[in-house]
Structure formats: structure tokens, C-alpha cells
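Asker: Got final02.pdb for you, PDB, C-alpha atoms, pLDDT in the B column:
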ATOM      1  CA  MET S   1      16.226  14.188   2.039  1.00 43.00           C
ATOM      2  CA  THR S   2      18.153  12.418   4.724  1.00 46.00           C
ATOM      3  CA  VAL S   3      21.532  10.784   4.184  1.00 43.00           C
ATOM      4  CA  ALA S   4      19.968   7.299   4.382  1.00 48.00           C
ATOM      5  CA  LEU S   5      17.525   8.076   1.555  1.00 50.00           C
ATOM      6  CA  GLN S   6      20.232   9.648  -0.617  1.00 56.00           C
ATOM      7  CA  SER S   7      22.204   6.383  -0.615  1.00 68.00           C
ATOM      8  CA  LEU S   8      19.259   4.512  -2.179  1.00 70.00           C
ATOM      9  CA  PRO S   9      18.888   4.333  -5.985  1.00 77.00           C
ATOM     10  CA  GLN S  10      17.153   7.385  -7.459  1.00 85.00           C
ATOM     11  CA  VAL S  11      15.254   7.898 -10.716  1.00 82.00           C
ATOM     12  CA  SER S  12      15.859  10.724 -13.175  1.00 85.00           C
ATOM     13  CA  VAL S  13      14.215  14.134 -12.873  1.00 87.00           C
ATOM     14  CA  ALA S  14      12.057  13.417 -15.954  1.00 87.00           C
ATOM     15  CA  THR S  15      10.736  10.206 -14.351  1.00 86.00           C
ATOM     16  CA  ARG S  16       9.939  12.095 -11.148  1.00 86.00           C
ATOM     17  CA  ARG S  17       7.990  14.676 -13.129  1.00 89.00           C
ATOM     18  CA  ARG S  18       6.025  11.964 -14.974  1.00 89.00           C
ATOM     19  CA  ARG S  19       5.223  10.206 -11.686  1.00 87.00           C
ATOM     20  CA  ARG S  20       3.996  13.443 -10.099  1.00 90.00           C
ATOM     21  CA  LEU S  21       1.741  14.167 -13.095  1.00 91.00           C
ATOM     22  CA  ARG S  22       0.378  10.591 -13.037  1.00 90.00           C
ATOM     23  CA  LEU S  23      -0.268  10.904  -9.312  1.00 89.00           C
ATOM     24  CA  ALA S  24      -2.145  14.186  -9.758  1.00 90.00           C
ATOM     25  CA  ARG S  25      -4.239  12.706 -12.574  1.00 90.00           C
ATOM     26  CA  THR S  26      -4.972   9.593 -10.483  1.00 89.00           C
ATOM     27  CA  LEU S  27      -6.041  11.583  -7.416  1.00 88.00           C
ATOM     28  CA  VAL S  28      -8.345  13.829  -9.453  1.00 89.00           C
ATOM     29  CA  GLY S  29      -9.890  10.861 -11.267  1.00 86.00           C
ATOM     30  CA  SER S  30     -10.412   8.970  -8.022  1.00 83.00           C
ATOM     31  CA  SER S  31     -12.027  11.995  -6.405  1.00 82.00           C
ATOM     32  CA  VAL S  32     -14.391  12.512  -9.346  1.00 84.00           C
ATOM     33  CA  ARG S  33     -15.371   8.816  -9.445  1.00 80.00           C
ATOM     34  CA  THR S  34     -16.204   8.696  -5.733  1.00 77.00           C
ATOM     35  CA  ARG S  35     -18.451  11.750  -6.046  1.00 78.00           C
ATOM     36  CA  LEU S  36     -20.232  10.856  -9.287  1.00 79.00           C
ATOM     37  CA  LEU S  37     -20.826   7.098  -9.122  1.00 72.00           C
ATOM     38  CA  PRO S  38     -23.592   5.491  -7.033  1.00 70.00           C
ATOM     39  CA  ALA S  39     -22.481   4.803  -3.480  1.00 71.00           C
ATOM     40  CA  GLY S  40     -23.239   1.128  -2.797  1.00 79.00           C
ATOM     41  CA  GLU S  41     -21.061  -0.749  -0.306  1.00 76.00           C
ATOM     42  CA  ARG S  42     -19.426  -2.997  -2.914  1.00 78.00           C
ATOM     43  CA  ARG S  43     -18.806  -0.051  -5.238  1.00 81.00           C
ATOM     44  CA  ARG S  44     -17.186   1.967  -2.430  1.00 80.00           C
ATOM     45  CA  LEU S  45     -14.897  -0.942  -1.594  1.00 81.00           C
ATOM     46  CA  ARG S  46     -13.990  -1.411  -5.253  1.00 83.00           C
ATOM     47  CA  LEU S  47     -13.277   2.306  -5.709  1.00 84.00           C
ATOM     48  CA  GLN S  48     -11.092   2.284  -2.591  1.00 84.00           C
ATOM     49  CA  VAL S  49      -9.029  -0.715  -3.768  1.00 86.00           C
ATOM     50  CA  CYS S  50      -8.691   0.569  -7.339  1.00 88.00           C
ATOM     51  CA  GLY S  51      -7.801   4.061  -6.125  1.00 88.00           C
ATOM     52  CA  ALA S  52      -5.078   2.687  -3.851  1.00 89.00           C
ATOM     53  CA  ALA S  53      -3.680   0.461  -6.619  1.00 91.00           C
ATOM     54  CA  ASP S  54      -3.702   3.332  -9.134  1.00 92.00           C
ATOM     55  CA  THR S  55      -1.961   5.623  -6.630  1.00 92.00           C
ATOM     56  CA  LEU S  56       0.785   3.076  -5.963  1.00 93.00           C
ATOM     57  CA  THR S  57       1.255   2.546  -9.704  1.00 92.00           C
ATOM     58  CA  ALA S  58       1.501   6.299 -10.297  1.00 92.00           C
ATOM     59  CA  LEU S  59       4.160   6.548  -7.566  1.00 91.00           C
ATOM     60  CA  GLY S  60       6.172   3.719  -9.137  1.00 91.00           C
ATOM     61  CA  VAL S  61       5.733   1.408  -6.136  1.00 92.00           C
ATOM     62  CA  ARG S  62       5.213  -2.358  -6.461  1.00 93.00           C
ATOM     63  CA  VAL S  63       3.309  -4.436  -3.918  1.00 93.00           C
ATOM     64  CA  GLN S  64       4.183  -8.075  -3.293  1.00 93.00           C
ATOM     65  CA  VAL S  65       1.748 -10.145  -1.218  1.00 92.00           C
ATOM     66  CA  PHE S  66       2.750 -13.301   0.651  1.00 93.00           C
ATOM     67  CA  GLN S  67      -0.257 -15.453   1.567  1.00 90.00           C
ATOM     68  CA  PRO S  68      -0.527 -17.328   4.888  1.00 88.00           C
ATOM     69  CA  SER S  69      -0.076 -21.092   5.113  1.00 86.00           C
ATOM     70  CA  THR S  70      -3.780 -21.520   5.953  1.00 86.00           C
ATOM     71  CA  PRO S  71      -6.353 -19.360   4.156  1.00 85.00           C
ATOM     72  CA  TRP S  72      -8.074 -16.529   6.012  1.00 83.00           C
ATOM     73  CA  PRO S  73     -11.863 -16.597   6.447  1.00 80.00           C
ATOM     74  CA  ARG S  74     -13.715 -14.511   3.887  1.00 75.00           C
ATOM     75  CA  THR S  75     -16.054 -12.883   6.408  1.00 75.00           C
ATOM     76  CA  GLY S  76     -15.927 -11.925  10.070  1.00 76.00           C
ATOM     77  CA  ARG S  77     -12.272 -10.959  10.079  1.00 78.00           C
ATOM     78  CA  TYR S  78     -10.392  -8.019  11.518  1.00 79.00           C
ATOM     79  CA  VAL S  79      -7.054  -7.132   9.956  1.00 81.00           C
ATOM     80  CA  ILE S  80      -4.248  -5.761  12.133  1.00 83.00           C
ATOM     81  CA  SER S  81      -1.098  -4.389  10.502  1.00 81.00           C
ATOM     82  CA  ASP S  82       2.258  -3.274  11.869  1.00 79.00           C
ATOM     83  CA  HIS S  83       2.830  -0.619   9.200  1.00 76.00           C
ATOM     84  CA  VAL S  84       3.283   3.080   9.745  1.00 70.00           C
ATOM     85  CA  GLY S  85       2.402   5.720   7.177  1.00 79.00           C
ATOM     86  CA  ARG S  86       0.221   6.242   4.146  1.00 85.00           C
ATOM     87  CA  LEU S  87       2.295   4.009   1.859  1.00 87.00           C
ATOM     88  CA  GLY S  88       1.627   0.991   4.089  1.00 87.00           C
ATOM     89  CA  ASP S  89      -2.083   1.887   4.249  1.00 86.00           C
ATOM     90  CA  LEU S  90      -2.316   1.862   0.462  1.00 87.00           C
ATOM     91  CA  ALA S  91      -0.456  -1.443   0.142  1.00 89.00           C
ATOM     92  CA  VAL S  92      -2.579  -3.194   2.776  1.00 88.00           C
ATOM     93  CA  SER S  93      -5.827  -1.894   1.254  1.00 86.00           C
ATOM     94  CA  THR S  94      -4.880  -3.345  -2.146  1.00 87.00           C
ATOM     95  CA  ALA S  95      -3.776  -6.687  -0.685  1.00 85.00           C
ATOM     96  CA  VAL S  96      -6.566  -7.264   1.849  1.00 81.00           C
ATOM     97  CA  ARG S  97     -10.161  -6.726   0.808  1.00 72.00           C
ATOM     98  CA  GLY S  98     -13.371  -6.981   2.752  1.00 60.00           C
ATOM     99  CA  ALA S  99     -12.114  -6.681   6.333  1.00 60.00           C
ATOM    100  CA  THR S 100     -14.533  -5.429   8.979  1.00 58.00           C
ATOM    101  CA  ASP S 101     -13.930  -3.857  12.363  1.00 58.00           C
ATOM    102  CA  ASP S 102     -16.312  -6.207  14.178  1.00 59.00           C
ATOM    103  CA  GLY S 103     -14.723  -9.477  13.072  1.00 58.00           C
ATOM    104  CA  THR S 104     -14.274 -12.456  15.353  1.00 70.00           C
ATOM    105  CA  VAL S 105     -11.063 -13.604  13.666  1.00 78.00           C
ATOM    106  CA  ILE S 106      -7.908 -11.503  13.883  1.00 82.00           C
ATOM    107  CA  CYS S 107      -5.781 -11.593  10.731  1.00 84.00           C
ATOM    108  CA  PRO S 108      -2.355 -10.036  11.339  1.00 87.00           C
ATOM    109  CA  VAL S 109      -0.343  -8.480   8.521  1.00 88.00           C
ATOM    110  CA  ALA S 110       3.373  -7.626   8.523  1.00 90.00           C
ATOM    111  CA  VAL S 111       4.507  -4.906   6.106  1.00 91.00           C
ATOM    112  CA  ARG S 112       8.129  -4.709   4.962  1.00 92.00           C
ATOM    113  CA  TYR S 113       9.822  -2.362   2.501  1.00 93.00           C
ATOM    114  CA  ARG S 114      12.718  -3.066   0.167  1.00 92.00           C
ATOM    115  CA  VAL S 115      14.633  -1.583  -2.726  1.00 91.00           C
ATOM    116  CA  GLY S 116      16.039  -4.317  -4.955  1.00 84.00           C
ATOM    117  CA  ASP S 117      17.396  -6.938  -2.553  1.00 87.00           C
ATOM    118  CA  ARG S 118      18.000  -4.489   0.288  1.00 90.00           C
ATOM    119  CA  SER S 119      15.413  -4.333   3.099  1.00 90.00           C
ATOM    120  CA  LEU S 120      14.716  -0.875   4.468  1.00 90.00           C
ATOM    121  CA  ARG S 121      14.797  -0.144   8.180  1.00 89.00           C
ATOM    122  CA  PRO S 122      11.790   1.765   9.598  1.00 85.00           C
ATOM    123  CA  HIS S 123      13.624   5.117   9.597  1.00 86.00           C
ATOM    124  CA  GLU S 124      14.653   4.613   5.944  1.00 87.00           C
ATOM    125  CA  VAL S 125      11.086   4.192   4.649  1.00 88.00           C
ATOM    126  CA  PRO S 126      10.130   7.340   2.712  1.00 88.00           C
ATOM    127  CA  GLN S 127       7.199   9.245   4.221  1.00 86.00           C
ATOM    128  CA  ARG S 128       6.977  12.213   1.838  1.00 88.00           C
ATOM    129  CA  THR S 129       5.636  12.033  -1.693  1.00 88.00           C
ATOM    130  CA  ALA S 130       8.791  13.572  -3.176  1.00 89.00           C
ATOM    131  CA  ALA S 131      10.973  10.867  -1.597  1.00 89.00           C
ATOM    132  CA  ILE S 132       8.666   8.065  -2.771  1.00 89.00           C
ATOM    133  CA  VAL S 133       8.567   9.448  -6.329  1.00 90.00           C
ATOM    134  CA  ALA S 134      12.371   9.689  -6.404  1.00 89.00           C
ATOM    135  CA  MET S 135      13.056   6.064  -5.369  1.00 89.00           C
ATOM    136  CA  LEU S 136      13.970   3.456  -7.928  1.00 89.00           C
ATOM    137  CA  GLY S 137      12.471  -0.013  -7.441  1.00 89.00           C
ATOM    138  CA  LEU S 138      10.584   0.467  -4.171  1.00 92.00           C
ATOM    139  CA  VAL S 139       8.656  -2.696  -3.234  1.00 93.00           C
ATOM    140  CA  VAL S 140       6.185  -3.008  -0.360  1.00 93.00           C
ATOM    141  CA  GLU S 141       5.895  -6.584   0.895  1.00 93.00           C
ATOM    142  CA  VAL S 142       2.632  -7.510   2.616  1.00 91.00           C
ATOM    143  CA  HIS S 143       3.050 -10.721   4.639  1.00 91.00           C
ATOM    144  CA  CYS S 144      -0.342 -12.172   5.633  1.00 89.00           C
ATOM    145  CA  LEU S 145       0.258 -14.091   8.854  1.00 89.00           C
ATOM    146  CA  PRO S 146      -1.900 -17.016  10.089  1.00 89.00           C
ATOM    147  CA  ALA S 147      -5.281 -15.969  11.488  1.00 85.00           C
ATOM    148  CA  ARG S 148      -6.219 -16.447  15.127  1.00 82.00           C
ATOM    149  CA  THR S 149      -9.664 -16.598  16.713  1.00 79.00           C
ATOM    150  CA  THR S 150     -10.612 -14.147  19.437  1.00 70.00           C
ATOM    151  CA  THR S 151     -12.214 -15.361  22.640  1.00 58.00           C
ATOM    152  CA  ALA S 152     -15.406 -13.577  23.595  1.00 51.00           C
TER     153      ALA S 152
END
Hey, can you dump this file as C-alpha cells for me?

Answerer:
Amino acid sequence: MTVALQSLPQVSVATRRRRRLRLARTLVGSSVRTRLLPAGERRRLRLQVCGAADTLTALGVRVQVFQPSTPWPRTGRYVISDHVGRLGDLAVSTAVRGATDDGTVICPVAVRYRVGDRSLRPHEVPQRTAAIVAMLGLVVEVHCLPARTTTA
């Protein structure tokens, strides 16, 4: 671990072990469900969202979503995020559902990380599973920004 991550609050070794076991159980269960259940489009989307939410819960990470001032369209939207890493991917997939790549409306998302009241700088965000499991009170904030229409 880097010096920046060591200064952040850490959980006990027993909590880390429990989180790792929960994560393993969640990943196996998600893998089995995706292979055994019928593969309709809505079911795939639901399995993806539930799998991401279960993974974040197993890691001990909370997600806080801030909605835009004007609601996004339900269809025909393309979501663009400024996050980097798998943790941001999981948070955005739980917060934003039903986005397509061929949308005519761009819906930007800003992802921020914090521990308690302290915001984390990009180099302080944990990238490895061991660092994520060890953090106490990690919160991923997903800020949904106002949508803008693309010009064809």
C-alpha cells in the first residue's frame, strides 16, 4: 500500500477476511446465475445491476447518487462518465440503468470518492481489491449532470 492509502482509516483483519469471503461468494453466485438463468435483455440488465450492487456491498463500499436538476430521458440516452477503474464502473452501473450506446442524448456523470468527510484525490482512490477491502467508510458519489442533446 502507498503512504497515502495508509493514512486513511482501515478496518480490522477479521473484517477484511469477512469482506473477502463475501466477495468470493458474491462472484461465484453471480457467475452461476448468469449461466443458468434465461438470457433475456431485461434479465441480463437486472443481473448486471444486482451483481454490481452485491459486489459493492461485499467490499463494504457505499454508493451515493446525486440526481440532476432536470430528469434524464428514459430512452435514447448515452451515459459518459469521468471515472477510472473497476470501482467506478460498478458504482455507475448500479446508479444508471438502461443506457444505450446509440442514444441521441448525452448524459454526463461525475464520479467522486470520499472516506468520511474527506474527498480522495485520483491517485488516492484504491485500485486493488485488498486496498478496497481494507478501507473504512469508502463512499462513491455518482453525480448525474444535466443531459444535453447531440446534433446530428

Asker: Can you list what the PyMOL selection byres ((chain S and resi 130) around 12) grabs from this structure, as an MDAnalysis selection string?

Answerer: chainID S and resid 1 5 10:11 13 15:17 19:20 23 59:60 126:129 131:135

Asker: Report the distance between atom CA of S:Pro68 and atom CA of S:Cys144 in Å, rounded to one decimal place.

Answerer: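 Interatomic distance, atom CA of S:Pro68 to atom CA of S:Cys144: 5.2 Å.
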
Asker: Using all atoms listed in the file, which of the listed residues (S:Leu90, S:Val63, S:Val79, S:Leu21) sits closest to S:Gly51?

Answerer: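 Ranked by minimum distance to S:Gly51, first place goes to S:Leu90.
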
Asker: Any idea what the distance is between atom CA of S:Leu120 and atom CA of S:Pro71?

Answerer: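 Calculated distance between atom CA of S:Leu120 and atom CA of S:Pro71 is 28.0 Å.
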
Asker: I need the residue nearest S:Arg22 from this list: S:Glu41, S:Asp54, S:Glu141, S:Asp89. Use only C-alpha atoms for the distance.

Answerer: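 Of all the options, S:Asp54 lies closest to S:Arg22.
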
Asker: What does the structure give for the distance between atom CA of S:Gly88 and atom CA of S:Pro9, in Å to one decimal?

Answerer: 20.3 Å

Asker: Skipping near chain neighbours, those fewer than 4 positions away, what residues fall within 9 Å of S:Val139 using only C-alpha atoms, listed as a ChimeraX atom specification?

Answerer: /S:61-64,112-116

Asker: Go through stretch 47-117 of chain S and flag each residue having an atom no more than 12 Å from stretch 30-37 of chain S; for those, report the closest pair of atoms plus their distance in Å to one decimal, using only C-alpha atoms, ordered by chain and rising number, as a Markdown table.

Answerer:
| residue | atom | partner | partner_atom | distance |
| --- | --- | --- | --- | --- |
| S:Leu47 | CA | S:Thr34 | CA | 7.0 |
| S:Gln48 | CA | S:Ser30 | CA | 8.6 |
| S:Val49 | CA | S:Ser30 | CA | 10.7 |
| S:Cys50 | CA | S:Ser30 | CA | 8.6 |
| S:Gly51 | CA | S:Ser30 | CA | 5.9 |
| S:Ala52 | CA | S:Ser30 | CA | 9.2 |
| S:Ala53 | CA | S:Ser30 | CA | 10.9 |
| S:Asp54 | CA | S:Ser30 | CA | 8.8 |
| S:Thr55 | CA | S:Ser30 | CA | 9.2 |

Asker: Using all atoms listed in the file for the distances, tell me which of S:Arg86, S:Ser81, S:Asp117, S:His123 is nearest to S:Val142.

Answerer: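 For S:Val142, the nearest of the candidates is S:Ser81.
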
Asker: Could you check the closest approach to S:Leu87 for each of S:Gln67, S:Ser119, S:Thr75, S:Thr57 and tell me which residue wins, using only C-alpha atoms?

Answerer: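 Between S:Gln67, S:Ser119, S:Thr75, S:Thr57, the residue approaching S:Leu87 most closely is S:Thr57.
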
Asker: Quick check on the file I pasted: which residues fall under the PyMOL selection byres ((chain S and resi 105) around 8)? Write them as an mmCIF file with C-alpha atoms, in the frame of the given file.

Answerer:
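New file part_26.cif:
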data_model
loop_
_atom_site.group_PDB
_atom_site.id
_atom_site.type_symbol
_atom_site.label_atom_id
_atom_site.label_comp_id
_atom_site.auth_asym_id
_atom_site.auth_seq_id
_atom_site.Cartn_x
_atom_site.Cartn_y
_atom_site.Cartn_z
ATOM 1 C CA PRO S 73 -11.863 -16.597 6.447
ATOM 2 C CA GLY S 76 -15.927 -11.925 10.070
ATOM 3 C CA ARG S 77 -12.272 -10.959 10.079
ATOM 4 C CA TYR S 78 -10.392 -8.019 11.518
ATOM 5 C CA GLY S 103 -14.723 -9.477 13.072
ATOM 6 C CA THR S 104 -14.274 -12.456 15.353
ATOM 7 C CA ILE S 106 -7.908 -11.503 13.883
ATOM 8 C CA CYS S 107 -5.781 -11.593 10.731
ATOM 9 C CA ALA S 147 -5.281 -15.969 11.488
ATOM 10 C CA ARG S 148 -6.219 -16.447 15.127
ATOM 11 C CA THR S 149 -9.664 -16.598 16.713
ATOM 12 C CA THR S 150 -10.612 -14.147 19.437
#
